[in-house]
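> This one is coords-v3.cif, mmCIF, C-alpha atoms.
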```
data_protein
#
loop_
_atom_site.group_PDB
_atom_site.id
_atom_site.type_symbol
_atom_site.label_atom_id
_atom_site.label_comp_id
_atom_site.auth_asym_id
_atom_site.auth_seq_id
_atom_site.Cartn_x
_atom_site.Cartn_y
_atom_site.Cartn_z
ATOM 1 C CA MET S 1 73.112 129.091 88.197
ATOM 2 C CA ARG S 2 69.375 128.869 87.569
ATOM 3 C CA GLU S 3 68.917 128.169 83.870
ATOM 4 C CA HIS S 4 66.450 125.270 83.637
ATOM 5 C CA VAL S 5 62.731 125.114 83.000
ATOM 6 C CA VAL S 6 61.503 122.223 85.138
ATOM 7 C CA ILE S 7 58.358 120.302 84.139
ATOM 8 C CA ILE S 8 56.997 118.130 86.956
ATOM 9 C CA GLY S 9 54.894 115.344 85.478
ATOM 10 C CA SER S 10 55.955 113.759 82.179
ATOM 11 C CA GLY S 11 52.633 112.417 80.942
ATOM 12 C CA MET S 12 50.750 113.490 77.827
ATOM 13 C CA MET S 13 50.661 117.157 78.839
ATOM 14 C CA GLY S 14 54.034 117.383 80.569
ATOM 15 C CA SER S 15 55.900 115.833 77.659
ATOM 16 C CA GLY S 16 54.284 118.225 75.175
ATOM 17 C CA ILE S 17 55.072 121.214 77.392
ATOM 18 C CA GLY S 18 58.647 119.984 77.781
ATOM 19 C CA ALA S 19 58.977 119.715 74.010
ATOM 20 C CA MET S 20 57.879 123.323 73.528
ATOM 21 C CA SER S 21 60.215 124.538 76.254
ATOM 22 C CA ALA S 22 63.208 122.803 74.647
ATOM 23 C CA LEU S 23 62.242 124.007 71.176
ATOM 24 C CA ALA S 24 62.340 127.551 72.550
ATOM 25 C CA GLY S 25 65.992 126.958 73.452
ATOM 26 C CA ASN S 26 65.544 126.277 77.160
ATOM 27 C CA LYS S 27 67.468 123.694 79.116
ATOM 28 C CA THR S 28 64.521 121.562 80.241
ATOM 29 C CA ILE S 29 64.180 118.897 82.917
ATOM 30 C CA LEU S 30 61.254 116.468 82.853
ATOM 31 C CA VAL S 31 60.537 115.109 86.337
ATOM 32 C CA ASP S 32 58.454 112.089 87.341
ATOM 33 C CA VAL S 33 58.252 109.643 90.222
ATOM 34 C CA GLU S 34 59.715 106.633 88.380
ATOM 35 C CA GLU S 35 62.597 106.272 85.932
ATOM 36 C CA SER S 36 60.482 104.277 83.464
ATOM 37 C CA ARG S 37 57.775 106.960 83.426
ATOM 38 C CA VAL S 38 60.114 109.886 82.936
ATOM 39 C CA LEU S 39 62.038 108.094 80.157
ATOM 40 C CA ALA S 40 58.736 107.338 78.410
ATOM 41 C CA GLY S 41 57.858 111.010 78.833
ATOM 42 C CA LYS S 42 61.116 112.056 77.213
ATOM 43 C CA GLU S 43 60.397 109.719 74.284
ATOM 44 C CA ARG S 44 57.004 111.387 73.845
ATOM 45 C CA ALA S 45 58.628 114.820 74.014
ATOM 46 C CA VAL S 46 61.155 113.840 71.340
ATOM 47 C CA SER S 47 58.312 112.536 69.168
ATOM 48 C CA CYS S 48 56.540 115.893 69.574
ATOM 49 C CA ILE S 49 59.710 117.732 68.580
ATOM 50 C CA ARG S 50 60.253 115.570 65.512
ATOM 51 C CA LEU S 51 56.614 115.904 64.431
ATOM 52 C CA ARG S 52 56.830 119.687 64.552
ATOM 53 C CA GLN S 53 60.052 119.615 62.549
ATOM 54 C CA GLU S 54 58.602 117.212 59.961
ATOM 55 C CA GLN S 55 55.553 119.434 59.578
ATOM 56 C CA GLY S 56 57.601 122.597 59.117
ATOM 57 C CA LEU S 57 56.597 124.206 62.425
ATOM 58 C CA ASN S 58 60.221 124.238 63.599
ATOM 59 C CA THR S 59 63.508 124.066 61.737
ATOM 60 C CA ALA S 60 65.735 121.009 61.701
ATOM 61 C CA GLU S 61 68.319 122.936 63.695
ATOM 62 C CA GLU S 62 65.745 123.926 66.339
ATOM 63 C CA ALA S 63 64.631 120.310 66.624
ATOM 64 C CA ARG S 64 68.174 118.954 66.830
ATOM 65 C CA ARG S 65 69.099 121.443 69.526
ATOM 66 C CA ALA S 66 65.861 120.812 71.465
ATOM 67 C CA GLU S 67 66.613 117.116 71.773
ATOM 68 C CA THR S 68 69.984 117.933 73.342
ATOM 69 C CA LEU S 69 68.339 120.296 75.840
ATOM 70 C CA LEU S 70 65.967 117.684 77.270
ATOM 71 C CA GLU S 71 66.983 116.081 80.561
ATOM 72 C CA THR S 72 65.160 113.800 83.006
ATOM 73 C CA SER S 73 65.047 113.347 86.771
ATOM 74 C CA THR S 74 63.159 111.474 89.463
ATOM 75 C CA ASP S 75 64.333 113.886 92.171
ATOM 76 C CA THR S 76 62.105 116.969 92.393
ATOM 77 C CA GLU S 77 64.305 118.750 94.916
ATOM 78 C CA GLN S 78 67.472 118.212 92.899
ATOM 79 C CA ALA S 79 65.816 119.397 89.683
ATOM 80 C CA ALA S 80 64.436 122.461 91.444
ATOM 81 C CA GLY S 81 67.985 123.361 92.450
ATOM 82 C CA SER S 82 68.675 124.790 88.985
ATOM 83 C CA ALA S 83 65.140 125.926 88.083
ATOM 84 C CA ARG S 84 64.355 129.433 86.894
ATOM 85 C CA MET S 85 60.738 128.424 86.210
ATOM 86 C CA VAL S 86 58.668 125.397 87.263
ATOM 87 C CA ILE S 87 55.536 124.073 85.561
ATOM 88 C CA GLU S 88 53.507 121.416 87.373
ATOM 89 C CA ALA S 89 51.655 118.932 85.165
ATOM 90 C CA ILE S 90 50.766 116.147 87.591
ATOM 91 C CA VAL S 91 47.431 114.421 88.236
ATOM 92 C CA GLU S 92 44.407 116.736 88.495
ATOM 93 C CA ASN S 93 44.038 116.309 92.256
ATOM 94 C CA LEU S 94 43.889 119.339 94.530
ATOM 95 C CA GLN S 95 45.619 117.767 97.544
ATOM 96 C CA ALA S 96 48.475 116.386 95.443
ATOM 97 C CA LYS S 97 49.018 119.749 93.787
ATOM 98 C CA GLN S 98 48.829 121.605 97.113
ATOM 99 C CA GLN S 99 51.473 119.343 98.646
ATOM 100 C CA LEU S 100 53.781 119.777 95.652
ATOM 101 C CA PHE S 101 53.364 123.558 95.606
ATOM 102 C CA GLU S 102 54.024 123.796 99.351
ATOM 103 C CA LYS S 103 57.266 121.854 98.862
ATOM 104 C CA LEU S 104 58.368 123.915 95.856
ATOM 105 C CA ASP S 105 57.562 127.133 97.682
ATOM 106 C CA ARG S 106 59.847 126.068 100.538
ATOM 107 C CA ILE S 107 62.850 125.111 98.403
ATOM 108 C CA LEU S 108 62.760 127.673 95.576
ATOM 109 C CA PRO S 109 63.917 131.293 95.733
ATOM 110 C CA THR S 110 60.963 133.672 95.840
ATOM 111 C CA ASP S 111 61.632 135.086 92.368
ATOM 112 C CA VAL S 112 61.136 131.692 90.655
ATOM 113 C CA PRO S 113 57.609 131.374 89.198
ATOM 114 C CA ILE S 114 55.694 128.219 90.168
ATOM 115 C CA CYS S 115 53.092 127.419 87.521
ATOM 116 C CA SER S 116 50.307 124.837 87.279
ATOM 117 C CA ASN S 117 48.922 123.294 84.121
ATOM 118 C CA THR S 118 45.597 122.645 85.856
ATOM 119 C CA SER S 119 42.610 122.659 83.529
ATOM 120 C CA GLY S 120 39.928 123.174 86.152
ATOM 121 C CA LEU S 121 41.294 123.803 89.657
ATOM 122 C CA ARG S 122 41.892 127.307 90.994
ATOM 123 C CA ILE S 123 45.507 128.385 91.417
ATOM 124 C CA THR S 124 44.334 130.259 94.521
ATOM 125 C CA ASP S 125 43.390 126.929 96.100
ATOM 126 C CA ILE S 126 46.445 125.077 94.788
ATOM 127 C CA SER S 127 48.772 127.670 96.336
ATOM 128 C CA SER S 128 46.859 128.011 99.615
ATOM 129 C CA LEU S 129 49.662 126.315 101.614
ATOM 130 C CA CYS S 130 52.407 128.484 100.086
ATOM 131 C CA GLN S 131 54.144 131.251 101.989
ATOM 132 C CA HIS S 132 54.648 133.146 98.727
ATOM 133 C CA PRO S 133 51.472 132.674 96.633
ATOM 134 C CA GLU S 134 52.283 135.878 94.769
ATOM 135 C CA ARG S 135 54.720 133.911 92.559
ATOM 136 C CA THR S 136 52.164 131.210 91.652
ATOM 137 C CA VAL S 137 50.124 131.243 88.457
ATOM 138 C CA THR S 138 48.185 128.871 86.218
ATOM 139 C CA THR S 139 49.670 128.146 82.799
ATOM 140 C CA HIS S 140 46.981 126.030 81.167
ATOM 141 C CA PHE S 141 48.261 124.527 77.913
ATOM 142 C CA TRP S 142 45.573 123.123 75.635
ATOM 143 C CA LEU S 143 45.780 119.548 74.375
ATOM 144 C CA PRO S 144 47.807 118.667 72.362
ATOM 145 C CA ALA S 145 50.260 120.991 74.095
ATOM 146 C CA HIS S 146 52.876 120.759 71.332
ATOM 147 C CA LEU S 147 50.392 121.894 68.671
ATOM 148 C CA VAL S 148 47.650 124.160 70.088
ATOM 149 C CA PRO S 149 49.082 127.687 70.497
ATOM 150 C CA LEU S 150 46.821 128.797 73.355
ATOM 151 C CA VAL S 151 48.057 128.981 76.940
ATOM 152 C CA GLU S 152 45.826 130.557 79.597
ATOM 153 C CA VAL S 153 47.912 132.432 82.162
ATOM 154 C CA VAL S 154 45.536 132.740 85.116
ATOM 155 C CA MET S 155 46.224 134.965 88.101
ATOM 156 C CA GLY S 156 45.208 133.742 91.542
ATOM 157 C CA ASP S 157 43.807 136.034 94.214
ATOM 158 C CA LYS S 158 47.338 136.798 95.433
ATOM 159 C CA THR S 159 49.346 136.478 92.197
ATOM 160 C CA ASP S 160 51.622 139.405 91.425
ATOM 161 C CA GLU S 161 50.524 140.813 88.067
ATOM 162 C CA GLN S 162 54.096 141.649 87.034
ATOM 163 C CA LEU S 163 55.039 137.996 87.512
ATOM 164 C CA ALA S 164 52.026 136.860 85.474
ATOM 165 C CA VAL S 165 53.000 139.240 82.667
ATOM 166 C CA LYS S 166 56.575 137.937 82.831
ATOM 167 C CA VAL S 167 55.342 134.344 82.476
ATOM 168 C CA ARG S 168 53.050 135.340 79.604
ATOM 169 C CA ASP S 169 55.909 137.040 77.782
ATOM 170 C CA GLU S 170 58.136 133.991 78.355
ATOM 171 C CA LEU S 171 55.542 131.762 76.687
ATOM 172 C CA LYS S 172 55.343 134.033 73.649
ATOM 173 C CA ALA S 173 58.950 132.997 72.953
ATOM 174 C CA TRP S 174 57.765 129.367 72.942
ATOM 175 C CA LYS S 175 55.660 129.999 69.796
ATOM 176 C CA LYS S 176 52.589 130.125 72.004
ATOM 177 C CA SER S 177 49.646 132.539 72.033
ATOM 178 C CA PRO S 178 49.215 133.161 75.761
ATOM 179 C CA VAL S 179 46.313 135.162 77.181
ATOM 180 C CA LEU S 180 46.293 136.825 80.596
ATOM 181 C CA VAL S 181 43.272 135.936 82.748
ATOM 182 C CA ARG S 182 42.996 138.328 85.675
ATOM 183 C CA ARG S 183 40.399 136.484 87.782
ATOM 184 C CA ASP S 184 40.651 132.935 89.119
ATOM 185 C CA LEU S 185 37.244 131.536 88.147
ATOM 186 C CA PRO S 186 36.176 127.929 87.434
ATOM 187 C CA GLY S 187 36.859 127.144 83.781
ATOM 188 C CA GLN S 188 39.456 129.916 83.445
ATOM 189 C CA LEU S 189 38.680 131.685 80.132
ATOM 190 C CA ALA S 190 38.466 129.436 77.075
ATOM 191 C CA ASN S 191 36.840 126.535 78.896
ATOM 192 C CA ARG S 192 34.015 128.818 80.043
ATOM 193 C CA VAL S 193 33.281 129.571 76.399
ATOM 194 C CA PHE S 194 33.736 125.902 75.426
ATOM 195 C CA GLN S 195 31.381 124.675 78.156
ATOM 196 C CA ALA S 196 28.707 127.106 76.956
ATOM 197 C CA ILE S 197 29.039 125.594 73.468
ATOM 198 C CA ILE S 198 28.883 122.066 74.906
ATOM 199 C CA ARG S 199 25.812 122.918 77.000
ATOM 200 C CA GLU S 200 23.874 124.202 73.980
ATOM 201 C CA SER S 201 25.126 121.362 71.759
ATOM 202 C CA ILE S 202 23.797 118.732 74.171
ATOM 203 C CA ALA S 203 20.522 120.623 74.558
ATOM 204 C CA ILE S 204 20.080 120.613 70.762
ATOM 205 C CA VAL S 205 20.615 116.842 70.567
ATOM 206 C CA ALA S 206 18.363 116.226 73.580
ATOM 207 C CA SER S 207 15.562 118.291 72.031
ATOM 208 C CA GLY S 208 15.737 116.389 68.742
ATOM 209 C CA LEU S 209 16.665 119.504 66.753
ATOM 210 C CA ALA S 210 19.690 117.761 65.215
ATOM 211 C CA THR S 211 21.901 114.692 65.613
ATOM 212 C CA ALA S 212 25.221 114.777 67.432
ATOM 213 C CA GLU S 213 27.067 114.396 64.133
ATOM 214 C CA ASP S 214 25.155 117.282 62.540
ATOM 215 C CA VAL S 215 25.810 119.501 65.547
ATOM 216 C CA ASP S 216 29.546 118.776 65.336
ATOM 217 C CA THR S 217 29.510 119.341 61.578
ATOM 218 C CA ALA S 218 27.714 122.680 61.944
ATOM 219 C CA ILE S 219 30.325 123.883 64.427
ATOM 220 C CA SER S 220 33.410 122.375 62.760
ATOM 221 C CA CYS S 221 32.512 123.426 59.215
ATOM 222 C CA GLY S 222 30.888 126.727 60.173
ATOM 223 C CA MET S 223 31.963 129.075 62.944
ATOM 224 C CA ALA S 224 35.070 127.089 63.937
ATOM 225 C CA MET S 225 36.558 127.398 60.437
ATOM 226 C CA ARG S 226 37.034 131.128 60.916
ATOM 227 C CA PHE S 227 37.942 131.173 64.605
ATOM 228 C CA PRO S 228 41.758 131.079 64.157
ATOM 229 C CA GLU S 229 41.582 134.565 62.619
ATOM 230 C CA TRP S 230 38.046 135.692 63.377
ATOM 231 C CA GLY S 231 36.859 135.430 66.985
ATOM 232 C CA PRO S 232 33.244 136.097 68.005
ATOM 233 C CA LEU S 233 33.867 139.626 69.302
ATOM 234 C CA LYS S 234 35.729 140.626 66.139
ATOM 235 C CA HIS S 235 32.761 139.146 64.250
ATOM 236 C CA LEU S 236 30.347 141.359 66.203
ATOM 237 C CA ASP S 237 32.384 144.470 65.422
ATOM 238 C CA ALA S 238 32.458 143.488 61.738
ATOM 239 C CA ILE S 239 28.698 142.960 61.356
ATOM 240 C CA GLY S 240 27.808 145.918 63.580
ATOM 241 C CA LEU S 241 26.932 145.817 67.259
ATOM 242 C CA ASP S 242 23.391 146.963 66.502
ATOM 243 C CA LEU S 243 22.783 143.840 64.388
ATOM 244 C CA GLY S 244 24.555 141.716 66.994
ATOM 245 C CA LEU S 245 22.273 143.108 69.697
ATOM 246 C CA SER S 246 19.192 142.371 67.603
ATOM 247 C CA VAL S 247 20.248 138.757 67.024
ATOM 248 C CA GLN S 248 21.026 138.287 70.716
ATOM 249 C CA GLU S 249 17.625 139.569 71.777
ATOM 250 C CA THR S 250 15.949 137.201 69.322
ATOM 251 C CA VAL S 251 17.976 134.041 70.007
ATOM 252 C CA LEU S 252 19.070 134.225 73.659
ATOM 253 C CA PRO S 253 15.592 133.767 75.193
ATOM 254 C CA ASP S 254 15.475 130.307 73.591
ATOM 255 C CA ILE S 255 19.071 129.303 74.451
ATOM 256 C CA ASN S 256 19.647 126.738 77.208
ATOM 257 C CA ARG S 257 20.362 128.440 80.544
ATOM 258 C CA ASP S 258 20.590 125.403 82.846
ATOM 259 C CA GLY S 259 23.029 125.794 85.714
ATOM 260 C CA CYS S 260 23.756 122.066 85.818
ATOM 261 C CA ALA S 261 24.527 119.225 83.412
ATOM 262 C CA ASN S 262 21.765 118.199 80.989
ATOM 263 C CA ASP S 263 19.656 115.143 81.939
ATOM 264 C CA TYR S 264 20.491 113.701 78.506
ATOM 265 C CA LEU S 265 24.183 113.594 79.423
ATOM 266 C CA LYS S 266 23.445 112.223 82.892
ATOM 267 C CA LYS S 267 21.396 109.398 81.351
ATOM 268 C CA LEU S 268 24.228 108.439 78.990
ATOM 269 C CA VAL S 269 26.608 108.215 81.943
ATOM 270 C CA GLU S 270 24.116 106.277 84.079
ATOM 271 C CA ASP S 271 23.667 103.775 81.237
ATOM 272 C CA GLY S 272 27.431 103.255 81.023
ATOM 273 C CA ASN S 273 27.785 105.000 77.657
ATOM 274 C CA LEU S 274 30.939 106.976 78.445
ATOM 275 C CA GLY S 275 32.245 107.573 74.927
ATOM 276 C CA VAL S 276 35.331 106.005 73.370
ATOM 277 C CA LYS S 277 36.319 104.129 76.544
ATOM 278 C CA THR S 278 33.091 102.094 76.493
ATOM 279 C CA GLY S 279 32.504 102.109 72.736
ATOM 280 C CA LYS S 280 29.493 104.395 72.729
ATOM 281 C CA GLY S 281 28.538 107.911 73.798
ATOM 282 C CA PHE S 282 27.092 110.510 71.449
ATOM 283 C CA TYR S 283 28.691 108.409 68.694
ATOM 284 C CA ASP S 284 28.863 104.657 68.134
ATOM 285 C CA TRP S 285 32.615 104.090 68.277
ATOM 286 C CA SER S 286 32.337 100.536 67.006
ATOM 287 C CA LYS S 287 31.745 102.148 63.604
ATOM 288 C CA ARG S 288 34.517 104.752 63.639
ATOM 289 C CA SER S 289 38.119 105.130 64.776
ATOM 290 C CA ILE S 290 39.171 107.627 67.465
ATOM 291 C CA GLU S 291 42.784 107.254 66.292
ATOM 292 C CA THR S 292 41.794 108.333 62.780
ATOM 293 C CA ASP S 293 39.750 111.257 64.102
ATOM 294 C CA MET S 294 42.576 112.379 66.397
ATOM 295 C CA ALA S 295 45.085 112.206 63.555
ATOM 296 C CA LYS S 296 42.772 114.355 61.404
ATOM 297 C CA ARG S 297 42.344 116.784 64.306
ATOM 298 C CA ASP S 298 46.095 117.138 64.777
ATOM 299 C CA GLN S 299 46.739 117.586 61.065
ATOM 300 C CA PHE S 300 44.081 120.285 60.873
ATOM 301 C CA ILE S 301 45.671 122.107 63.830
ATOM 302 C CA ILE S 302 49.069 121.899 62.126
ATOM 303 C CA GLU S 303 47.712 123.366 58.889
ATOM 304 C CA ALA S 304 45.836 126.084 60.805
ATOM 305 C CA VAL S 305 49.007 127.048 62.694
ATOM 306 C CA LYS S 306 50.921 127.234 59.412
ATOM 307 C CA ALA S 307 48.203 129.351 57.806
ATOM 308 C CA THR S 308 47.944 131.825 60.688
ATOM 309 C CA SER S 309 51.735 132.094 60.808
ATOM 310 C CA ARG S 310 51.837 132.933 57.083
ATOM 311 C CA LEU S 311 49.096 135.543 57.530
ATOM 312 C CA ASP S 312 50.927 137.112 60.473
ATOM 313 C CA GLN S 313 54.161 137.283 58.467
ATOM 314 C CA THR S 314 52.330 138.857 55.512
ATOM 315 C CA GLU S 315 50.710 141.424 57.808
ATOM 316 C CA ALA S 316 54.039 142.216 59.470
ATOM 317 C CA GLY S 317 55.695 142.592 56.077
ATOM 318 C CA GLY S 318 53.002 145.009 54.946
ATOM 319 C CA GLU S 319 53.380 147.134 58.060
ATOM 320 C CA ASN S 320 57.158 147.339 57.579
ATOM 321 C CA ARG S 321 56.940 148.584 54.013
#
```
Would you kindly transcribe this structure into structure tokens?

Amino acid sequence: MREHVVIIGSGMMGSGIGAMSALAGNKTILVDVEESRVLAGKERAVSCIRLRQEQGLNTAEEARRAETLLETSTDTEQAAGSARMVIEAIVENLQAKQQLFEKLDRILPTDVPICSNTSGLRITDISSLCQHPERTVTTHFWLPAHLVPLVEVVMGDKTDEQLAVKVRDELKAWKKSPVLVRRDLPGQLANRVFQAIIRESIAIVASGLATAEDVDTAISCGMAMRFPEWGPLKHLDAIGLDLGLSVQETVLPDINRDGCANDYLKKLVEDGNLGVKTGKGFYDWSKRSIETDMAKRDQFIIEAVKATSRLDQTEAGGENR
């Protein structure tokens, strides 16, 4: 009987995805190439489960049950034997993913979805060696996977739309907010928007308009504060499309339109200033702690998820009265 969700790759992303699968009540198998790695992955998944329970995102009963639903394996073929859905979360290498997908496509029944957590590769390319690419789809979880609600469900050139919708609906039961992306383009959906923000942010710093810290502050304490409930297109409708058009025609001619990375960023990389890993990038990391900043980030996400959940429940309650 096929009743398991199988996560192949138990690293930072795979363990978080596995945690969310188990919390949704699925029998879940984490798979990796070595026993030590997959056991470490399970420990991370359990930590994710317990954090969500401690923060009130899941009940104690959901967390207790989730821990009992987590299994591990170092045998991909054996794990696939009971899979009703497979999510690949291995290294971001096209050849490695292609080889894995070709193998899974051979050994799995054709009605079992094969999903990839790729953040930048095209599912069309990943599934190019498959005999049944119609059952392949990207499911891009955003880091940290156990906290950020978004999952981009991206259809490849040959993906069956009904299957993609089925996968999207499955993820809704995981307390996720999946979006269906109908074209397989570089950057998927959200990363295309994010890269546009990054491009302009770097251009602003490079031009001397503002410091890196002030750019981040302007985004974090301005537009980003309302994004969980107020996206840019909703904002345009609210202010009036005529005003939005006027602002666009005024501002867009002066916005960066480069089709390649900014020279400012290239120079940082050439000089060996790679960010946290080298101690300096846009920020001087000898004077601040990435662990502290990440903890603050995660806590903010937790509080935002709680707030949006409360608002959704209030809205639903109002509609039912």
> (60.8, 132.5, 77.4) in this file's frame - what residues fall within 10 Å of it? Use all atoms listed in the file and give the answer as a VMD selection string.
chain S and resid 5 21 24 to 26 85 166 to 175
> At a cut-off of 7 Å, using all atoms listed in the file, what residues contact segment 115-128 of chain S? Leave out same-chain residues fewer than 4 positions from it and give the result as a ChimeraX atom specification.
/S:86-89,92,94,97-98,101,133,136-141,156-157,184-187
> Counting only C-alpha atoms, which of S:Asn273, S:Ser15, S:Ser82, S:Thr292 gets nearest to Pro144 of chain S?
S:Ser15
> Counting all atoms listed in the file, which of S:Val247, S:Lys306, S:Asp254, S:Ile239 gets nearest to Ile204 of chain S?
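Using all atoms listed in the file, the shortest distance to Ile204 of chain S belongs to S:Asp254.
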> Can you tell me how far atom CA of Thr28 of chain S sits from atom CA of Leu70 of chain S, in Å to one decimal?
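Going from atom CA of Thr28 of chain S over to atom CA of Leu70 of chain S, I get 5.1 Å.
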> Any idea what the distance is between atom CA of Lys176 of chain S and atom CA of Thr159 of chain S?
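Distance reported for this atom pair: 21.4 Å.
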> What's the 8 Å shell around Ile29 of chain S, counting all atoms listed in the file, without same-chain residues fewer than 6 positions away, as a ChimeraX atom specification?
/S:4-7,18,70-73,79
> Residues as selected, C-alpha atoms, written as a compact mmCIF listing (two decimals), keeping the file's coordinate frame, can you do that?

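The result, written out as selection.txt:
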```
# COMPACT_ATOMS: atom_id res chain seq x y z
CA HIS S 4 66.45 125.27 83.64
CA VAL S 5 62.73 125.11 83.00
CA VAL S 6 61.50 122.22 85.14
CA ILE S 7 58.36 120.30 84.14
CA GLY S 18 58.65 119.98 77.78
CA LEU S 70 65.97 117.68 77.27
CA GLU S 71 66.98 116.08 80.56
CA THR S 72 65.16 113.80 83.01
CA SER S 73 65.05 113.35 86.77
CA ALA S 79 65.82 119.40 89.68
```
> Using the chain letters and numbers from the file, give me the residues hit by the PyMOL selection byres ((chain S and resi 34) around 12), as a PyMOL selection string.
chain S and resi 8-11+30-33+35-41+72-76
> With a distance cut-off of 10 Å and all atoms listed in the file, select the neighbouring residues of Val276 of chain S, excluding the residue or stretch itself and same-chain residues fewer than 4 positions from it, and output the selection as a PyMOL selection string.
chain S and resi 280-286+288-290
> Write a file of the selected residues as a short mmCIF file (atom, residue, chain, number, x, y, z; two decimals), in the frame of the given file, keeping C-alpha atoms.

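What follows is the written file selection.cif:
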```
data_model
loop_
_atom_site.label_atom_id
_atom_site.label_comp_id
_atom_site.auth_asym_id
_atom_site.auth_seq_id
_atom_site.Cartn_x
_atom_site.Cartn_y
_atom_site.Cartn_z
CA LYS S 280 29.49 104.40 72.73
CA GLY S 281 28.54 107.91 73.80
CA PHE S 282 27.09 110.51 71.45
CA TYR S 283 28.69 108.41 68.69
CA ASP S 284 28.86 104.66 68.13
CA TRP S 285 32.62 104.09 68.28
CA SER S 286 32.34 100.54 67.01
CA ARG S 288 34.52 104.75 63.64
CA SER S 289 38.12 105.13 64.78
CA ILE S 290 39.17 107.63 67.46
#
```
> Given only C-alpha atoms as the basis, pick out the residue of S:Met294, S:Val251, S:Leu129, S:Leu241 nearest to Leu100 of chain S.
S:Leu129
> Just the number, please: distance in Å from atom CA of Ile107 of chain S to atom CA of Pro178 of chain S, one decimal.
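Distance reported for this atom pair: 27.6 Å.
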> Write out as a PyMOL selection string each polymer residue whose atoms come within 12 Å of Asn58 of chain S, counting all atoms listed in the file; drop sequence neighbours fewer than 2 positions from it.
chain S and resi 19-20+22-25+48-56+60-66+146-147+174-175+302+305-306+309
> Taking into account all atoms listed in the file, which residue in the set S:Leu150, S:Val112, S:Met13, S:Ala206 is nearest to Val91 of chain S?
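Answer, going by the shortest atom-to-atom distance: S:Met13.
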> Name the residues in contact with Arg199 of chain S at a cut-off of 10 Å, using all atoms listed in the file, excluding same-chain residues fewer than 2 positions from it; report them as a ChimeraX atom specification.
/S:194-197,201-204,255-262,265
> What would the selection look like, as a short mmCIF file (atom, residue, chain, number, x, y, z; two decimals) with C-alpha atoms, in the coordinates of the input, if the PyMOL selection byres ((chain S and resi 225-231) around 10) were run on the coordinates I just shared?

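Heads up, here's the output in result_14.cif:
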```cif
data_model
loop_
_atom_site.label_atom_id
_atom_site.label_comp_id
_atom_site.auth_asym_id
_atom_site.auth_seq_id
_atom_site.Cartn_x
_atom_site.Cartn_y
_atom_site.Cartn_z
CA ILE S 219 30.32 123.88 64.43
CA SER S 220 33.41 122.38 62.76
CA CYS S 221 32.51 123.43 59.22
CA GLY S 222 30.89 126.73 60.17
CA MET S 223 31.96 129.07 62.94
CA ALA S 224 35.07 127.09 63.94
CA PRO S 232 33.24 136.10 68.00
CA LEU S 233 33.87 139.63 69.30
CA LYS S 234 35.73 140.63 66.14
CA HIS S 235 32.76 139.15 64.25
CA LEU S 236 30.35 141.36 66.20
CA ALA S 238 32.46 143.49 61.74
CA ILE S 301 45.67 122.11 63.83
CA ALA S 304 45.84 126.08 60.80
CA VAL S 305 49.01 127.05 62.69
CA ALA S 307 48.20 129.35 57.81
CA THR S 308 47.94 131.82 60.69
CA LEU S 311 49.10 135.54 57.53
CA ASP S 312 50.93 137.11 60.47
#
```
> Grab all the atoms of segment 64-77 of chain S that the file lists, wrap them in a box along x, y and z, add 3 Å per side, and give me centre plus edge lengths in Å (one decimal) as JSON.

```
{"center_x": 66.0, "center_y": 116.5, "center_z": 80.9, "size_x": 13.9, "size_y": 16.0, "size_z": 34.1}
```
> Would you please work out which residue, of S:Glu3, S:Glu102, S:Glu200, S:Glu134, is nearest to Leu163 of chain S when using all atoms listed in the file?
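Counting all atoms listed in the file, the residue closest to Leu163 of chain S is S:Glu134.
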